[in-house]
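J.: First, the structure itself, so that you have it in front of you.
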Amino acid sequence: MQEIPHISSVYDRDLESIQASIMKMGGLVEAAIMKAANSLERRDEALAEEVRQGDLAIDELEEQVNDEVARVIALRAPTAVDLRVVLSVMKIAANLERIGDLSKNMAKRTGVLIQMQTIPGAPAALRRMAREVELMLKDALDAYIQRDEQLARDVIARDADLDQMYNAIFREFLTFMMEDPRNITACMHLHFIAKNIERMGDHVTSVAEQVIFLVVGETPRERRPKADKTSYDPDLAPDAGEGGD
């Protein structure tokens with residue numbers, strides 16, 4: 001008589017499969033962030049197109065994760081900690097998919113900006129912002145794999161640094177626009193990209209919060225350390241004070 005595998009063993013294999021899909025998705029998203037930034041800095045439209053096409057694979061992986069989670073819930077009826085795991089996975093996948101969309105939106109601007117005069121220092125500054133988001137995402141995913149609450153909290157704290165970078169580049173764009181109205185269109189496109197990167201950081205923070213939920217059973221109660229002043233300070237000018245709290 002064939003021995004039936006214990007339910008926990010089957011469940012563990014299901015989770016391993018879902019976790020593998022999440023990590024594959026995370027790897028694609030990390031690559032998309034930097035490819036989008038590099039396409040802008042190098043004025044490489046072919047690389048930008050690669051980002052746009054690659055977003056399809058990210059979307060498909062999110063659907064795959066959701067299907068796998070739905071199957072696990074239906075067949076295994078997880079409770080308590082196990083249910084936290086599968087619910088967290090769905091939310092992490094949704095945040096990764098959104099970061100992929102923002103990377104794609106960023107890449108879409110490359111073709112437009114290639115036709116315009118370069119704003120000195122802007123592509124490199126945006127690449128530095130993108131690199132910071134990529135590192136935050138890498139650490140958030142490592143925290144998920146290792147169930148490392150402290151690393152997840154460190155990622156959340158670093159979102160304020162990203163906001164500071166955004167505030168600084170926002171002020172630079174204002175300066176360029178005031179100095180020469182011919183810079184306005186290019187700076188508006190570049191600001192759109194900077195805002196997308198800042199929003200990527202918010203989604204990475206959400207991933208980190210899900211790690212904390214997974215480990216301790218609740219999301220952080222304290223407010224996120226936000227330092228983006230541009231969304232609620234219309235009078236922010238190039239000579240304004242520090243953007244931090």
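Going by the structure tokens order, chains are called A, B, ..., each with residues numbered from 1, while ligands are numbered from 1 in the order shown.
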Can you tell me which residues surround Ile114 of chain A at a distance of at most 12 Å, considering only C-alpha atoms, apart from same-chain residues fewer than 3 positions away, and format the answer as an NGL selection string?
T.: :A and (39-46 or 48 or 107-111 or 117-119 or 123 or 186 or 189-190)
J.: Hey, what's within 6 Å of segment 140-147 of chain A if we count only C-alpha atoms and toss same-chain stuff fewer than 2 positions away? As a VMD selection string, please?
T.: chain A and resid 137 to 138 151 to 152 208 211
J.: Check the smallest atom-to-atom distance from each of A:Ala94, A:Ala130, A:Ala36, A:Val72 to Arg13 of chain A using only C-alpha atoms, then report the winner.
T.: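 Looking at the shortest contact to Arg13 of chain A, the residue is A:Val72.
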J.: Using only C-alpha atoms, determine which residues lie at most 7 Å from Glu209 of chain A, disregarding the query and same-chain residues fewer than 4 positions distant; provide the list as a PyMOL selection string.
T.: chain A and resi 152+205+213+219-220
J.: Provide the atom CA of Asp159 of chain A to atom CA of Asp202 of chain A distance in Å, to one decimal place.
T.: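 Those two atoms sit 7.1 Å apart.
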J.: What is the atom CA of His203 of chain A to atom CA of Leu113 of chain A distance in Å?
T.: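 Interatomic distance, atom CA of His203 of chain A to atom CA of Leu113 of chain A: 25.8 Å.
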J.: Considering only C-alpha atoms, return as an MDAnalysis selection string whatever protein or nucleic-acid residues lie within 9 Å of Ile33 of chain A, sequence-local ones (same chain, fewer than 4 positions apart) excluded.
T.: chainID A and resid 28:29 37:38 51 99:100 102:104 106 130:131 133:134 197
J.: Let me make sure I understand: among A:Glu198, A:Glu68, A:Glu62, A:Glu49, which one has the smallest atom-to-atom distance to Tyr166 of chain A if we use only C-alpha atoms?
T.: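 Comparing A:Glu198, A:Glu68, A:Glu62, A:Glu49 against Tyr166 of chain A, the winner is A:Glu198.
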